[in-house]
Amino acid sequence: MSIRPAWLMGASLIAVLAGIALGVWLYTSAAGG
Amino acid sequence: MTAARSATPWLAVAAYLVGMAGIALALTVTFLAMRGVLDVGGQCASGGPYVIATPCPDGTWLLPLAILLGILFVFLAVATGSRIGGIYGSLPGLAWVALFCSLGFNFLQYGVAALGDPEADGGGIIFVLLGVMFEVMGLVPLVTTMIGLRAGRGLPLAAGSSSVEPPGRLDAEDPLSTSGLFGSVGRADFVGMAGPSGPGGPSGSAMVDAIERLTALHQQGNLSDEEFAAAKHALIEGKG
C-alpha cells in the first residue's frame with residue numbers, strides 16, 4: 001500500500017472542489033441570513 | 001510490506017487534503033465576499049459611532065476571517081505536502097495564482113461595467129487598472145514557473161531569478177527534486193536535509209527518514225530497483 005501520484009492528485013482535486021462547494025454554501029448562507 | 005506501510009505518511013496526506021480544501025474554501029469566500037462589496041460600490045463600513053453611508057452586505061464579516069484562515073491552510077498544505085514529497089509541496093502555491101486571478105477578474109468585470117455606465121462616477125478605470133495589476137501578479141509566477149519547468153530539465157532556473165532561488169537543480173524528472181511557486185529544491189538539497197553531508201554522513205534518524213522516502217518512491221514506481229538499490233547503498237555508505 002503506497003500512495004499513487006494519480007490517486008493523490010485525484011483526492012486533491014476532490015478536496016479542492018469540496019472546499020469550493022463549502023465556501024459557496026458558507027457565504028450564501030451568511031449573506032442570505 | 002511493513003516498511004512500505006510505515007513509509008506512507010497517511011497523517012500528512014489527510015492534513016494535506018484538509019489544507020487544500022481549506023485553501024479552496026477561503027479563496028471562494030474571499031472571491032464571493034469581494035463581489036458583495038463591489039456590488040455596493042467597492043466601499044462599505046459597519047460598526048463604530050459614525051453614520052455609515054454604505055453599510056456592508058451580510059456576509060462581509062467572513063472576508064477577514066477567510067484571509068486569515070486561508071494563510072493558515074496554505075502553511076498546513078505546504079508543510080504536509082513537502083512531507084509527502086514530489087509536486088505536492090509546490091501545489092498549494094497555486095493558491096497565489098487563484099487568489100490574484102480571481103480577485104483581478106472581479107475588478108475587471110466591475111471596472112469594465114462601470115466604464116460602460118454613463119452614470120458611473122469614473123471609478124471604473126481604477127478598477128480596470130487594479131484588475132490588470134492583479135492578473136499580472138497572479139499570472140507572472142505561474143508563467144515563469146511553467147517556463148522553468150519546461151526549460152529546467154537539467155538546467156538551472158532562469159539566471160534572472162537565481163538570486164532568490166535556493167541553489168538546487170531544477171529537474172522535473174528527478175523524483176528527489178521538487179519545484180514550483182515556492183522555488184526549487186534539488187536533489188542536493190534533499191540529500192542535505194537528511195543530515196550533515198560531511199565525512200560522517202547523515203545522522204541515524206535522518207538516514208532512516210531518507211531510506212523511508214526512498215522506499216516510498218520505489219513503491220510508487222518512481223525509482224527502478226537498480227536506482228533504489230544504488231541510492232540506498234549511497235546513503236548507507238555515507239553513514240560509514
# chains A, B, ... in the order shown; residues from 1 in each chain; ligands from 1
$ closest_atom_pairs --of "chain A" --to "chain B" --cutoff "6 Å" --atoms "only C-alpha atoms" --output "tab-separated table"
residue	atom	partner	partner_atom	distance
A:Ser2	CA	B:Thr8	CA	6.0
A:Arg4	CA	B:Gln220	CA	5.8
A:Ser12	CA	B:Leu17	CA	5.9
A:Ala15	CA	B:Ala21	CA	4.7
A:Val16	CA	B:Ala21	CA	4.6
A:Gly19	CA	B:Ala21	CA	4.3
A:Ile20	CA	B:Leu25	CA	5.0
A:Gly23	CA	B:Leu25	CA	4.4
A:Tyr27	CA	B:Val29	CA	5.9
A:Ala30	CA	B:Gly59	CA	4.8
A:Ala31	CA	B:Gly59	CA	4.4
$ atom_distance --atom1 "atom CA of Gly138 of chain B" --atom2 "atom CA of Cys101 of chain B"
5.3 Å
$ atom_distance --atom1 "atom CA of Gly124 of chain B" --atom2 "atom CA of Met34 of chain B"
15.8 Å
$ decode --residues "segment 1-31 of chain A" --atoms "C-alpha atoms" --output "PDB file, in the first residue's frame"
ATOM      1  CA  MET A   1       0.000   0.000   0.000  1.00  0.00           C
ATOM      2  CA  SER A   2       1.689   3.145  -1.157  1.00  0.00           C
ATOM      3  CA  ILE A   3       0.411   6.458  -2.391  1.00  0.00           C
ATOM      4  CA  ARG A   4      -0.040   6.514  -6.133  1.00  0.00           C
ATOM      5  CA  PRO A   5       0.527  10.001  -7.560  1.00  0.00           C
ATOM      6  CA  ALA A   6      -2.649   9.741  -9.656  1.00  0.00           C
ATOM      7  CA  TRP A   7      -4.635   8.695  -6.602  1.00  0.00           C
ATOM      8  CA  LEU A   8      -3.419  11.600  -4.509  1.00  0.00           C
ATOM      9  CA  MET A   9      -3.835  14.073  -7.346  1.00  0.00           C
ATOM     10  CA  GLY A  10      -7.458  12.969  -7.721  1.00  0.00           C
ATOM     11  CA  ALA A  11      -8.004  13.260  -3.971  1.00  0.00           C
ATOM     12  CA  SER A  12      -6.507  16.762  -4.045  1.00  0.00           C
ATOM     13  CA  LEU A  13      -8.895  17.751  -6.819  1.00  0.00           C
ATOM     14  CA  ILE A  14     -11.874  16.390  -4.887  1.00  0.00           C
ATOM     15  CA  ALA A  15     -10.706  18.235  -1.761  1.00  0.00           C
ATOM     16  CA  VAL A  16     -10.466  21.499  -3.710  1.00  0.00           C
ATOM     17  CA  LEU A  17     -13.932  21.017  -5.232  1.00  0.00           C
ATOM     18  CA  ALA A  18     -15.361  20.199  -1.813  1.00  0.00           C
ATOM     19  CA  GLY A  19     -13.742  23.349  -0.412  1.00  0.00           C
ATOM     20  CA  ILE A  20     -15.252  25.470  -3.178  1.00  0.00           C
ATOM     21  CA  ALA A  21     -18.705  23.974  -2.590  1.00  0.00           C
ATOM     22  CA  LEU A  22     -18.381  24.545   1.149  1.00  0.00           C
ATOM     23  CA  GLY A  23     -17.250  28.120   0.559  1.00  0.00           C
ATOM     24  CA  VAL A  24     -20.208  28.887  -1.712  1.00  0.00           C
ATOM     25  CA  TRP A  25     -22.589  27.370   0.823  1.00  0.00           C
ATOM     26  CA  LEU A  26     -20.976  29.232   3.719  1.00  0.00           C
ATOM     27  CA  TYR A  27     -21.057  32.614   2.030  1.00  0.00           C
ATOM     28  CA  THR A  28     -24.534  32.331   0.559  1.00  0.00           C
ATOM     29  CA  SER A  29     -25.976  31.197   3.884  1.00  0.00           C
ATOM     30  CA  ALA A  30     -24.159  34.027   5.698  1.00  0.00           C
ATOM     31  CA  ALA A  31     -25.204  36.612   3.121  1.00  0.00           C
TER      32      ALA A  31
END
